[in-house]
Structure formats: structure tokens, C-alpha cells
>>> print(open('run_14.cif').read())   # mmCIF, C-alpha atoms
data_entry
#
loop_
_atom_site.group_PDB
_atom_site.id
_atom_site.type_symbol
_atom_site.label_atom_id
_atom_site.label_comp_id
_atom_site.auth_asym_id
_atom_site.auth_seq_id
_atom_site.Cartn_x
_atom_site.Cartn_y
_atom_site.Cartn_z
ATOM 1 C CA MET A 27 184.707 99.712 94.118
ATOM 2 C CA ILE A 28 185.186 98.820 90.485
ATOM 3 C CA GLN A 29 182.355 96.336 90.849
ATOM 4 C CA THR A 30 180.003 99.087 91.964
ATOM 5 C CA PHE A 31 181.047 101.225 89.029
ATOM 6 C CA LEU A 32 180.558 98.356 86.569
ATOM 7 C CA PHE A 33 177.148 97.540 88.012
ATOM 8 C CA TYR A 34 175.919 101.089 87.562
ATOM 9 C CA CYS A 35 177.344 101.221 84.020
ATOM 10 C CA TYR A 36 175.573 98.029 83.005
ATOM 11 C CA ALA A 37 172.376 99.054 84.770
ATOM 12 C CA ALA A 38 172.330 102.421 82.993
ATOM 13 C CA LEU A 39 172.944 100.731 79.634
ATOM 14 C CA ALA A 40 170.162 98.220 80.242
ATOM 15 C CA VAL A 41 167.639 100.884 81.252
ATOM 16 C CA ILE A 42 168.606 103.161 78.354
ATOM 17 C CA GLY A 43 168.266 100.248 75.945
ATOM 18 C CA ALA A 44 164.883 99.279 77.361
ATOM 19 C CA ILE A 45 163.522 102.828 77.146
ATOM 20 C CA GLY A 46 164.836 103.202 73.608
ATOM 21 C CA LEU A 47 163.239 99.902 72.677
ATOM 22 C CA VAL A 48 159.845 101.040 73.888
ATOM 23 C CA ARG A 49 160.051 104.535 72.421
ATOM 24 C CA ALA A 50 161.528 103.719 68.989
ATOM 25 C CA HIS A 51 159.156 104.284 66.090
ATOM 26 C CA LYS A 52 160.829 101.985 63.583
ATOM 27 C CA LEU A 53 161.036 98.291 64.307
ATOM 28 C CA LEU A 54 164.650 98.115 63.137
ATOM 29 C CA HIS A 55 165.664 100.731 65.710
ATOM 30 C CA SER A 56 163.693 98.828 68.296
ATOM 31 C CA VAL A 57 165.683 95.665 67.566
ATOM 32 C CA ALA A 58 168.970 97.590 67.792
ATOM 33 C CA TRP A 59 168.002 98.962 71.227
ATOM 34 C CA THR A 60 167.055 95.423 72.246
ATOM 35 C CA LEU A 61 170.559 94.291 71.394
ATOM 36 C CA LEU A 62 171.963 96.993 73.700
ATOM 37 C CA ALA A 63 169.636 96.114 76.585
ATOM 38 C CA LEU A 64 170.182 92.354 76.353
ATOM 39 C CA SER A 65 173.963 92.722 76.077
ATOM 40 C CA ALA A 66 173.925 94.912 79.172
ATOM 41 C CA VAL A 67 172.011 92.158 80.990
ATOM 42 C CA ALA A 68 174.764 89.758 79.908
ATOM 43 C CA GLY A 69 177.254 92.162 81.481
ATOM 44 C CA LEU A 70 175.208 92.072 84.678
ATOM 45 C CA TYR A 71 175.467 88.264 84.702
ATOM 46 C CA PHE A 72 179.237 88.608 84.354
ATOM 47 C CA SER A 73 179.345 91.103 87.213
ATOM 48 C CA LEU A 74 177.319 88.636 89.303
ATOM 49 C CA GLY A 75 180.085 86.120 88.691
ATOM 50 C CA SER A 76 178.027 83.584 86.728
ATOM 51 C CA GLU A 77 180.062 83.631 83.569
ATOM 52 C CA PHE A 78 178.228 80.755 81.869
ATOM 53 C CA LEU A 79 174.913 82.598 82.040
ATOM 54 C CA GLY A 80 176.512 85.725 80.596
ATOM 55 C CA ALA A 81 178.037 83.828 77.697
ATOM 56 C CA MET A 82 174.755 82.043 77.024
ATOM 57 C CA GLN A 83 172.860 85.334 77.137
ATOM 58 C CA LEU A 84 175.243 86.776 74.546
ATOM 59 C CA PHE A 85 174.966 83.698 72.305
ATOM 60 C CA VAL A 86 171.223 83.202 72.481
ATOM 61 C CA TYR A 87 169.907 86.753 72.728
ATOM 62 C CA GLY A 88 172.749 88.752 71.181
ATOM 63 C CA GLY A 89 173.149 86.240 68.393
ATOM 64 C CA ALA A 90 170.259 83.978 67.550
ATOM 65 C CA VAL A 91 167.170 85.845 68.770
ATOM 66 C CA THR A 92 168.220 89.258 67.471
ATOM 67 C CA ILE A 93 169.168 87.928 64.038
ATOM 68 C CA LEU A 94 165.923 85.957 63.826
ATOM 69 C CA THR A 95 163.911 89.042 64.794
ATOM 70 C CA LEU A 96 165.777 91.133 62.221
ATOM 71 C CA PHE A 97 164.933 88.600 59.519
ATOM 72 C CA VAL A 98 161.266 88.731 60.430
ATOM 73 C CA VAL A 99 161.302 92.547 60.497
ATOM 74 C CA MET A 100 162.727 92.614 57.003
ATOM 75 C CA LEU A 101 160.318 89.956 55.751
ATOM 76 C CA THR A 102 157.215 91.681 57.087
ATOM 77 C CA ARG A 103 158.187 95.337 56.939
ATOM 78 C CA GLN A 104 156.173 96.310 53.910
ATOM 79 C CA GLY A 105 152.907 95.127 55.389
ATOM 80 C CA ALA A 106 153.696 96.810 58.674
ATOM 81 C CA GLN A 107 154.333 100.174 57.045
ATOM 82 C CA GLU A 108 151.123 99.990 55.067
ATOM 83 C CA GLN A 109 149.269 99.164 58.235
ATOM 84 C CA GLU A 110 150.795 102.117 60.079
ATOM 85 C CA LYS A 111 149.919 104.494 57.250
ATOM 86 C CA GLU A 112 146.372 103.217 57.129
ATOM 87 C CA ASP A 113 145.963 103.667 60.861
ATOM 88 C CA SER A 114 147.437 107.154 61.023
ATOM 89 C CA SER A 115 145.312 108.426 58.139
ATOM 90 C CA ALA A 116 142.110 106.697 59.132
ATOM 91 C CA SER A 117 140.073 106.690 62.292
ATOM 92 C CA ALA A 118 140.127 109.800 64.467
ATOM 93 C CA PRO A 119 138.562 108.169 67.560
ATOM 94 C CA ALA A 120 141.303 105.523 67.571
ATOM 95 C CA SER A 121 144.030 108.168 67.605
ATOM 96 C CA ALA A 122 142.207 110.057 70.345
ATOM 97 C CA ARG A 123 142.151 106.882 72.413
ATOM 98 C CA VAL A 124 145.914 106.389 72.172
ATOM 99 C CA PRO A 125 147.036 108.960 74.817
ATOM 100 C CA VAL A 126 144.505 107.586 77.285
ATOM 101 C CA LYS A 127 145.830 104.099 76.671
ATOM 102 C CA ARG A 128 149.424 105.281 77.091
ATOM 103 C CA LEU A 129 148.569 107.095 80.302
ATOM 104 C CA ALA A 130 146.817 104.044 81.704
ATOM 105 C CA ALA A 131 149.785 101.834 80.813
ATOM 106 C CA LEU A 132 152.190 104.320 82.410
ATOM 107 C CA VAL A 133 150.150 104.447 85.618
ATOM 108 C CA ILE A 134 149.912 100.640 85.798
ATOM 109 C CA SER A 135 153.657 100.247 85.254
ATOM 110 C CA LEU A 136 154.598 102.906 87.802
ATOM 111 C CA VAL A 137 152.243 101.523 90.445
ATOM 112 C CA LEU A 138 153.611 98.033 89.907
ATOM 113 C CA PHE A 139 157.167 99.349 90.152
ATOM 114 C CA CYS A 140 156.439 101.170 93.410
ATOM 115 C CA VAL A 141 154.767 98.101 94.922
ATOM 116 C CA LEU A 142 157.645 95.860 93.839
ATOM 117 C CA THR A 143 160.259 98.239 95.231
ATOM 118 C CA ILE A 144 158.480 98.591 98.564
ATOM 119 C CA VAL A 145 158.213 94.799 98.843
ATOM 120 C CA PHE A 146 161.865 94.302 97.904
ATOM 121 C CA VAL A 147 163.180 96.886 100.338
ATOM 122 C CA SER A 148 160.960 95.913 103.251
ATOM 123 C CA THR A 149 161.588 92.167 103.030
ATOM 124 C CA PRO A 150 164.491 90.994 105.199
ATOM 125 C CA TRP A 151 166.302 88.728 102.764
ATOM 126 C CA GLU A 152 168.511 86.112 104.386
ATOM 127 C CA THR A 153 171.496 86.933 102.270
ATOM 128 C CA VAL A 154 174.856 85.304 102.806
ATOM 129 C CA VAL A 155 178.213 86.538 101.630
ATOM 130 C CA PRO A 156 177.946 86.287 97.849
ATOM 131 C CA SER A 157 180.358 83.913 96.252
ATOM 132 C CA PRO A 158 180.390 83.600 92.480
ATOM 133 C CA GLN A 159 179.033 80.355 91.116
ATOM 134 C CA THR A 160 181.350 78.593 88.757
ATOM 135 C CA SER A 161 180.207 76.838 85.610
ATOM 136 C CA ALA A 162 181.250 73.580 87.276
ATOM 137 C CA SER A 163 178.647 73.876 90.047
ATOM 138 C CA LEU A 164 175.968 74.755 87.493
ATOM 139 C CA ALA A 165 176.882 71.759 85.342
ATOM 140 C CA GLU A 166 176.904 69.514 88.387
ATOM 141 C CA ILE A 167 173.352 70.370 89.406
ATOM 142 C CA LEU A 168 172.096 70.516 85.820
ATOM 143 C CA PHE A 169 173.293 67.020 85.010
ATOM 144 C CA SER A 170 172.409 65.325 88.295
ATOM 145 C CA ARG A 171 169.297 66.628 90.028
ATOM 146 C CA TYR A 172 167.778 68.389 87.028
ATOM 147 C CA MET A 173 168.765 65.812 84.428
ATOM 148 C CA LEU A 174 165.192 64.905 83.442
ATOM 149 C CA PRO A 175 163.913 68.501 83.176
ATOM 150 C CA PHE A 176 166.989 69.327 81.106
ATOM 151 C CA GLU A 177 166.163 66.598 78.590
ATOM 152 C CA ILE A 178 162.480 67.578 78.530
ATOM 153 C CA VAL A 179 163.350 71.204 77.872
ATOM 154 C CA GLY A 180 165.565 70.154 74.965
ATOM 155 C CA LEU A 181 162.710 68.079 73.562
ATOM 156 C CA ALA A 182 160.307 71.003 73.986
ATOM 157 C CA LEU A 183 162.689 73.300 72.103
ATOM 158 C CA THR A 184 162.968 70.789 69.262
ATOM 159 C CA ILE A 185 159.193 70.427 69.034
ATOM 160 C CA ALA A 186 158.658 74.188 69.094
ATOM 161 C CA LEU A 187 161.179 74.825 66.335
ATOM 162 C CA ILE A 188 159.788 72.043 64.141
ATOM 163 C CA GLY A 189 156.366 73.596 64.717
ATOM 164 C CA ALA A 190 157.756 76.981 63.710
ATOM 165 C CA ILE A 191 159.118 75.530 60.461
ATOM 166 C CA VAL A 192 155.802 73.844 59.712
ATOM 167 C CA LEU A 193 153.880 77.071 60.406
ATOM 168 C CA ALA A 194 156.066 79.343 58.306
ATOM 169 C CA ARG A 195 156.676 76.860 55.487
ATOM 170 C CA GLU A 196 155.648 77.367 51.907
ATOM 171 C CA ASP A 197 152.641 75.285 50.961
ATOM 172 C CA ASP A 198 153.262 71.950 49.261
ATOM 173 C CA PRO A 199 153.075 71.854 45.464
ATOM 174 C CA GLY A 200 150.178 69.421 45.802
ATOM 175 C CA ASP A 201 148.265 71.856 47.972
ATOM 176 C CA SER A 202 149.177 74.895 45.941
ATOM 177 C CA ALA A 203 146.095 74.643 43.738
ATOM 178 C CA ASP A 204 143.860 74.937 46.794
ATOM 179 C CA ALA A 205 146.037 77.652 48.278
ATOM 180 C CA THR A 206 145.968 79.814 45.173
ATOM 181 C CA ASP A 207 142.232 79.299 44.952
ATOM 182 C CA GLY A 208 141.955 80.494 48.529
ATOM 183 C CA VAL A 209 143.903 83.727 48.017
ATOM 184 C CA ALA A 210 142.965 84.320 44.381
ATOM 185 C CA GLY A 211 141.027 87.421 45.377
ATOM 186 C CA THR A 212 144.142 89.300 46.506
ATOM 187 C CA ASP A 213 146.316 90.861 43.860
ATOM 188 C CA ASP A 214 149.721 90.606 45.556
ATOM 189 C CA GLY A 215 150.618 87.143 44.310
ATOM 190 C CA GLY A 216 154.053 88.220 43.062
ATOM 191 C CA THR A 217 155.272 89.776 46.294
ATOM 192 C CA ALA A 218 153.839 86.951 48.363
ATOM 193 C CA ASP A 219 155.829 84.433 46.332
ATOM 194 C CA GLY A 220 159.018 86.425 46.879
ATOM 195 C CA THR A 221 158.651 86.577 50.633
ATOM 196 C CA VAL A 222 157.694 82.938 50.829
ATOM 197 C CA ALA A 223 160.819 81.834 48.966
ATOM 198 C CA ALA A 224 163.081 83.954 51.184
ATOM 199 C CA ASP A 225 161.415 82.696 54.293
ATOM 200 C CA THR A 226 161.818 78.991 53.635
ATOM 201 C CA ASP A 227 165.520 79.608 53.146
ATOM 202 C CA ASP A 228 165.661 81.322 56.476
ATOM 203 C CA ASP A 229 163.896 79.096 58.952
ATOM 204 C CA PRO A 230 165.730 75.754 58.945
ATOM 205 C CA GLY A 231 169.046 77.603 59.123
ATOM 206 C CA ASP A 232 167.958 79.513 62.163
ATOM 207 C CA ALA A 233 166.620 76.415 63.805
ATOM 208 C CA ALA A 234 169.974 74.721 63.315
ATOM 209 C CA GLU A 235 171.729 77.815 64.582
ATOM 210 C CA GLU A 236 169.692 77.930 67.748
ATOM 211 C CA GLY A 237 170.199 74.254 68.294
ATOM 212 C CA ASN A 238 173.944 74.769 68.078
ATOM 213 C CA ALA A 239 173.875 77.774 70.366
ATOM 214 C CA LEU A 240 172.062 75.862 73.042
ATOM 215 C CA MET B 3 178.770 97.779 97.862
ATOM 216 C CA ILE B 4 176.209 96.184 95.583
ATOM 217 C CA THR B 5 173.531 94.267 97.471
ATOM 218 C CA LEU B 6 170.698 92.003 96.419
ATOM 219 C CA ASN B 7 168.288 94.929 96.483
ATOM 220 C CA HIS B 8 170.194 96.724 93.720
ATOM 221 C CA TYR B 9 169.648 93.817 91.368
ATOM 222 C CA LEU B 10 166.024 93.374 92.389
ATOM 223 C CA VAL B 11 165.161 97.035 91.830
ATOM 224 C CA LEU B 12 166.953 97.038 88.483
ATOM 225 C CA ALA B 13 165.011 93.947 87.424
ATOM 226 C CA ALA B 14 161.792 95.658 88.537
ATOM 227 C CA VAL B 15 162.662 98.681 86.377
ATOM 228 C CA LEU B 16 163.270 96.467 83.336
ATOM 229 C CA PHE B 17 160.080 94.502 84.018
ATOM 230 C CA CYS B 18 157.937 97.624 84.249
ATOM 231 C CA ILE B 19 159.411 99.148 81.083
ATOM 232 C CA GLY B 20 158.668 95.887 79.296
ATOM 233 C CA LEU B 21 155.134 95.851 80.706
ATOM 234 C CA TYR B 22 154.569 99.409 79.499
ATOM 235 C CA GLY B 23 155.775 98.349 76.067
ATOM 236 C CA VAL B 24 153.466 95.344 75.950
ATOM 237 C CA LEU B 25 150.487 97.488 76.985
ATOM 238 C CA THR B 26 151.105 100.286 74.486
ATOM 239 C CA ALA B 27 152.613 98.600 71.413
ATOM 240 C CA ARG B 28 150.337 97.717 68.527
ATOM 241 C CA GLY B 29 152.629 95.747 66.282
ATOM 242 C CA ALA B 30 152.873 92.065 67.101
ATOM 243 C CA LEU B 31 156.648 92.050 66.659
ATOM 244 C CA LYS B 32 157.175 94.854 69.161
ATOM 245 C CA ILE B 33 155.040 93.059 71.712
ATOM 246 C CA ILE B 34 157.246 89.968 71.288
ATOM 247 C CA ILE B 35 160.395 92.054 71.827
ATOM 248 C CA CYS B 36 158.926 93.589 74.991
ATOM 249 C CA VAL B 37 158.039 90.112 76.287
ATOM 250 C CA GLU B 38 161.684 89.174 75.765
ATOM 251 C CA LEU B 39 162.649 92.155 77.934
ATOM 252 C CA ILE B 40 160.269 90.999 80.674
ATOM 253 C CA LEU B 41 161.723 87.477 80.569
ATOM 254 C CA ASN B 42 165.206 88.946 80.877
ATOM 255 C CA ALA B 43 164.190 90.861 83.986
ATOM 256 C CA ILE B 44 162.904 87.613 85.503
ATOM 257 C CA ASN B 45 166.159 85.835 84.611
ATOM 258 C CA LEU B 46 168.146 88.599 86.264
ATOM 259 C CA ASN B 47 166.070 88.207 89.421
ATOM 260 C CA LEU B 48 166.670 84.455 89.502
ATOM 261 C CA ALA B 49 170.403 84.800 88.928
ATOM 262 C CA ALA B 50 170.721 87.447 91.648
ATOM 263 C CA PHE B 51 168.800 85.336 94.163
ATOM 264 C CA SER B 52 170.936 82.344 93.260
ATOM 265 C CA VAL B 53 174.180 84.189 93.943
ATOM 266 C CA PHE B 54 173.104 86.157 97.013
ATOM 267 C CA VAL B 55 170.858 83.706 98.884
ATOM 268 C CA ALA B 56 172.071 80.183 98.092
ATOM 269 C CA PRO B 57 175.481 80.370 96.427
ATOM 270 C CA ASN B 58 176.471 76.812 97.311
ATOM 271 C CA GLU B 59 174.035 75.185 94.909
ATOM 272 C CA ALA B 60 173.384 76.776 91.539
ATOM 273 C CA VAL B 61 169.631 76.083 91.574
ATOM 274 C CA GLY B 62 168.592 79.566 90.472
ATOM 275 C CA ALA B 63 171.173 79.589 87.709
ATOM 276 C CA SER B 64 169.857 76.296 86.354
ATOM 277 C CA PHE B 65 166.347 77.798 86.329
ATOM 278 C CA VAL B 66 167.769 80.644 84.262
ATOM 279 C CA VAL B 67 169.076 78.077 81.773
ATOM 280 C CA PHE B 68 165.633 76.491 81.500
ATOM 281 C CA LEU B 69 163.967 79.886 81.089
ATOM 282 C CA ILE B 70 166.350 80.968 78.337
ATOM 283 C CA VAL B 71 165.648 77.766 76.411
ATOM 284 C CA MET B 72 161.881 78.152 76.762
ATOM 285 C CA ALA B 73 162.098 81.823 75.742
ATOM 286 C CA ALA B 74 163.982 80.791 72.612
ATOM 287 C CA ALA B 75 161.268 78.252 71.786
ATOM 288 C CA GLU B 76 158.581 80.875 72.418
ATOM 289 C CA ILE B 77 160.154 83.492 70.180
ATOM 290 C CA GLY B 78 160.656 80.951 67.384
ATOM 291 C CA LEU B 79 156.987 80.020 67.419
ATOM 292 C CA ALA B 80 155.821 83.608 67.726
ATOM 293 C CA LEU B 81 157.919 84.772 64.802
ATOM 294 C CA ALA B 82 156.615 81.903 62.669
ATOM 295 C CA LEU B 83 153.070 82.976 63.538
ATOM 296 C CA ILE B 84 153.841 86.571 62.579
ATOM 297 C CA ILE B 85 155.230 85.472 59.209
ATOM 298 C CA LEU B 86 152.152 83.322 58.657
ATOM 299 C CA LEU B 87 149.735 86.158 59.511
ATOM 300 C CA ASN B 88 151.660 88.564 57.331
ATOM 301 C CA ARG B 89 151.570 86.212 54.365
ATOM 302 C CA LYS B 90 147.914 85.287 54.701
ATOM 303 C CA SER B 91 146.395 88.679 55.311
ATOM 304 C CA ASN B 92 149.172 91.319 55.404
ATOM 305 C CA ILE B 93 148.359 92.232 58.978
ATOM 306 C CA SER B 94 150.841 93.277 61.638
ATOM 307 C CA ALA B 95 148.801 95.110 64.285
ATOM 308 C CA VAL B 96 147.324 92.683 66.754
ATOM 309 C CA ASP B 97 144.022 94.475 67.306
ATOM 310 C CA SER B 98 143.151 94.253 63.632
ATOM 311 C CA ILE B 99 143.262 90.463 63.725
ATOM 312 C CA ARG B 100 139.587 89.627 63.870
ATOM 313 C CA ARG B 101 139.288 86.282 62.207
ATOM 314 C CA LEU B 102 141.134 83.392 63.810
ATOM 315 C CA LYS B 103 139.491 80.510 61.973
ATOM 316 C CA GLY B 104 140.802 78.938 58.775
#
>>> encode(input="run_14.cif", output="C-alpha cells")
Amino acid sequence: MIQTFLFYCYAALAVIGAIGLVRAHKLLHSVAWTLLALSAVAGLYFSLGSEFLGAMQLFVYGGAVTILTLFVVMLTRQGAQEQEKEDSSASAPASARVPVKRLAALVISLVLFCVLTIVFVSTPWETVVPSPQTSASLAEILFSRYMLPFEIVGLALTIALIGAIVLAREDDPGDSADATDGVAGTDDGGTADGTVAADTDDDPGDAAEEGNAL
Amino acid sequence: MITLNHYLVLAAVLFCIGLYGVLTARGALKIIICVELILNAINLNLAAFSVFVAPNEAVGASFVVFLIVMAAAEIGLALALIILLNRKSNISAVDSIRRLKG
């Protein structure tokens, strides 16, 4: 009985968070709604009985991913606002196209949802009596049968995060002459320097943080 | 009594909301967030199948672990790309990115 109640609570929170995420106008609000939705999904993992997955969801999504996204929102917000202003003031045909696009997206999503629900309900799943999976059984299968994929996934994460650091890094002092030549036409040199300095502080720390969380 | 279908339908709801967000959002960052929502719906599906269909071996749960790790790698790369685009050309809406070379 209490399980049913908890499931519906978590489900309502997740759906509310998801809708708020999509409908929010400011990116910061969007990230806050994301935190609600992803935490509710962690609660759903707990109510399924897989406590390790719930804890990992809270660590990775509630902690690392949300903080990282917040940093990027704050680093890029100025450009985003300018872009929004430009778009809203400029082209009339683009703004006339937006409701059509929204309507089409809504129809696609609803049709997909109906199809998925019909398939789910009409398929006779061979369910057994659910028994919660302990962390021990997950660790057992993760470190025996899926040992190699586990290592490969860790390697892939390392490579991706090193790639992220390389992509977002400030240019080398040796290359800076070329770089400033390349962007000499733009006048925002001062602000660009500020964001670049903040951003190199940010990335290695987050990489280390995600490595610890995983 | 909560059955498998409850979880599946909930995951379908989350997936479709995320899909709507991906189709309508213009900012690159919002698209990334909506993709995260979609991946979470998939993870929820896998975890529910793992508990309700084959609870003796935690195969589905281990897939969820792999998916969470790959999603973390994906969001790290995507955010780095957004920072790079923003620094180079001060662009955040994906449909105004026209030049991909150099």
C-alpha cells in the first residue's frame, strides 16, 4: 500500500519536473526542474529496490551533471540572452513558424506515447514475483561476466573527459598570436578572456569530481 | 499493486516529454538537458525490466550502470562543445550554426 503511494508520488514529481523543464523560459529554471525530475527518478529506483542505482543516480545526476550544467549556463548566459533578444526582435516568418513546429512536435510525441502505451499494455510480459536486487548481485555480475565492458566503459569515460578538457581549454601561449589574429575582428576580447580564465579553472575539477563519483 | 506496466508507461511519458523538448528547443544547452531526460527514461525501463522479469541476475541493472557512465561522458563532451562554440562565435541556438569548418 505504501509502495503504491510512494510510486505515485515519485511519478508525479518526475512528470512535473519534466514538464517544467520543457516549459521553463530561463535556462537556470530549466536546470532546477531537471534536478527535481532526476531526483524523482532516483526515488523510483529506490522504490524498485535497487538501492545502488538510486544512490548512483543521485550522485551522478543530482551532483555532478547538474553542477556542470549550471557552470556552463553561467559561463554562456550572456551570449544566449543576446541571441534570444536578436531572434525575438528580428525575423517575423521565423516566429510565425514556431507554433507550427510546436504543434508538429506535440503531435509526434503524443502519437509515439500512444503507440508505446498500446504496445506495453498489449504485450504479455512474462513477469515473475519481483524481488529487489541487492547491490551484491549487481557487483557480482558487473565484476565477473561484464568485467571487460566495465573496464572499456571506464576507459571511454576517461577519453571523453580528456577530450572535453582539450576542447574547452584556453589556447596555448604559443598559439595565442594566431588565435588573436583569427578573432581580431571581434571587439569582445575582454569578456572572452574572462570567460576563458573561469572555464579552465572549472573543467579539470569537474572531471576529477565525476571520476570520483563513478 | 504496482506492476511492470506502471513503470513502462511512466518511462514512456518521460521519454515523450523529452522528445517534445528536443524537437522544440532552440538552445543547445536545453537540447542536451532534454536528451538527459530521455536517457533517464530508458534507464528506468531497463531497471524495471531487470527487477520484474529476471530478478535473479542483475543484467538490466548493470546495463543501467553502463548507460549512466556513457551519459556522463556524453554530457561532458557536449558541454565542452557548447563552451567552445560560445567562445568562438557567441552562438547558442543550434540552427544559427552554419559554419562547421575551422
>>> closest_residue(input="run_14.cif", among="A:Tyr36, A:Pro175, A:Leu142, A:Val91", to="Glu76 of chain B", atoms="all atoms listed in the file")
A:Val91
>>> residues_near_point(input="run_14.cif", point="(163.4, 97.5, 82.6)", cutoff="10 Å", atoms="all atoms listed in the file", output="NGL selection string")
(:A and (37 or 40-45 or 63 or 139)) or (:B and (11-22 or 36 or 39-40 or 42-43))
>>> write_last_selection(input="run_14.cif", atoms="C-alpha atoms", output="compact mmCIF listing (two decimals), in the coordinates of the input")
# COMPACT_ATOMS: atom_id res chain seq x y z
CA ALA A 37 172.38 99.05 84.77
CA ALA A 40 170.16 98.22 80.24
CA VAL A 41 167.64 100.88 81.25
CA ILE A 42 168.61 103.16 78.35
CA GLY A 43 168.27 100.25 75.94
CA ALA A 44 164.88 99.28 77.36
CA ILE A 45 163.52 102.83 77.15
CA ALA A 63 169.64 96.11 76.58
CA PHE A 139 157.17 99.35 90.15
CA VAL B 11 165.16 97.04 91.83
CA LEU B 12 166.95 97.04 88.48
CA ALA B 13 165.01 93.95 87.42
CA ALA B 14 161.79 95.66 88.54
CA VAL B 15 162.66 98.68 86.38
CA LEU B 16 163.27 96.47 83.34
CA PHE B 17 160.08 94.50 84.02
CA CYS B 18 157.94 97.62 84.25
CA ILE B 19 159.41 99.15 81.08
CA GLY B 20 158.67 95.89 79.30
CA LEU B 21 155.13 95.85 80.71
CA TYR B 22 154.57 99.41 79.50
CA CYS B 36 158.93 93.59 74.99
CA LEU B 39 162.65 92.16 77.93
CA ILE B 40 160.27 91.00 80.67
CA ASN B 42 165.21 88.95 80.88
CA ALA B 43 164.19 90.86 83.99
>>> resolve_selection(input="run_14.cif", expression="the PyMOL selection byres ((chain B) within 7 of (chain A))", output="short mmCIF file (atom, residue, chain, number, x, y, z; two decimals) with C-alpha atoms, in the frame of the given file")
data_model
loop_
_atom_site.label_atom_id
_atom_site.label_comp_id
_atom_site.auth_asym_id
_atom_site.auth_seq_id
_atom_site.Cartn_x
_atom_site.Cartn_y
_atom_site.Cartn_z
CA MET B 3 178.77 97.78 97.86
CA ILE B 4 176.21 96.18 95.58
CA ASN B 7 168.29 94.93 96.48
CA LEU B 10 166.02 93.37 92.39
CA VAL B 11 165.16 97.04 91.83
CA LEU B 12 166.95 97.04 88.48
CA ALA B 14 161.79 95.66 88.54
CA VAL B 15 162.66 98.68 86.38
CA LEU B 16 163.27 96.47 83.34
CA CYS B 18 157.94 97.62 84.25
CA ILE B 19 159.41 99.15 81.08
CA LEU B 21 155.13 95.85 80.71
CA TYR B 22 154.57 99.41 79.50
CA GLY B 23 155.78 98.35 76.07
CA LEU B 25 150.49 97.49 76.98
CA THR B 26 151.10 100.29 74.49
CA VAL B 53 174.18 84.19 93.94
CA PHE B 54 173.10 86.16 97.01
CA VAL B 55 170.86 83.71 98.88
CA PRO B 57 175.48 80.37 96.43
CA GLU B 59 174.04 75.18 94.91
CA ALA B 60 173.38 76.78 91.54
CA ALA B 63 171.17 79.59 87.71
CA SER B 64 169.86 76.30 86.35
CA PHE B 68 165.63 76.49 81.50
CA VAL B 71 165.65 77.77 76.41
CA MET B 72 161.88 78.15 76.76
CA ALA B 75 161.27 78.25 71.79
CA GLY B 78 160.66 80.95 67.38
CA LEU B 79 156.99 80.02 67.42
CA LEU B 81 157.92 84.77 64.80
CA ALA B 82 156.62 81.90 62.67
CA LEU B 83 153.07 82.98 63.54
CA ILE B 85 155.23 85.47 59.21
CA LEU B 86 152.15 83.32 58.66
CA ASN B 88 151.66 88.56 57.33
CA ARG B 89 151.57 86.21 54.36
CA ASN B 92 149.17 91.32 55.40
CA ILE B 93 148.36 92.23 58.98
CA SER B 94 150.84 93.28 61.64
#
>>> closest_residue(input="run_14.cif", among="A:Leu61, A:Phe72, A:Gly46, A:Phe85", to="Ala50 of chain B", atoms="only C-alpha atoms")
A:Phe72
>>> atom_distance(input="run_14.cif", atom1="atom CA of Ser148 of chain A", atom2="atom CA of Ala56 of chain B")
19.9 Å
>>> atom_distance(input="run_14.cif", atom1="atom CA of Ile84 of chain B", atom2="atom CA of Gly29 of chain B")
10.0 Å
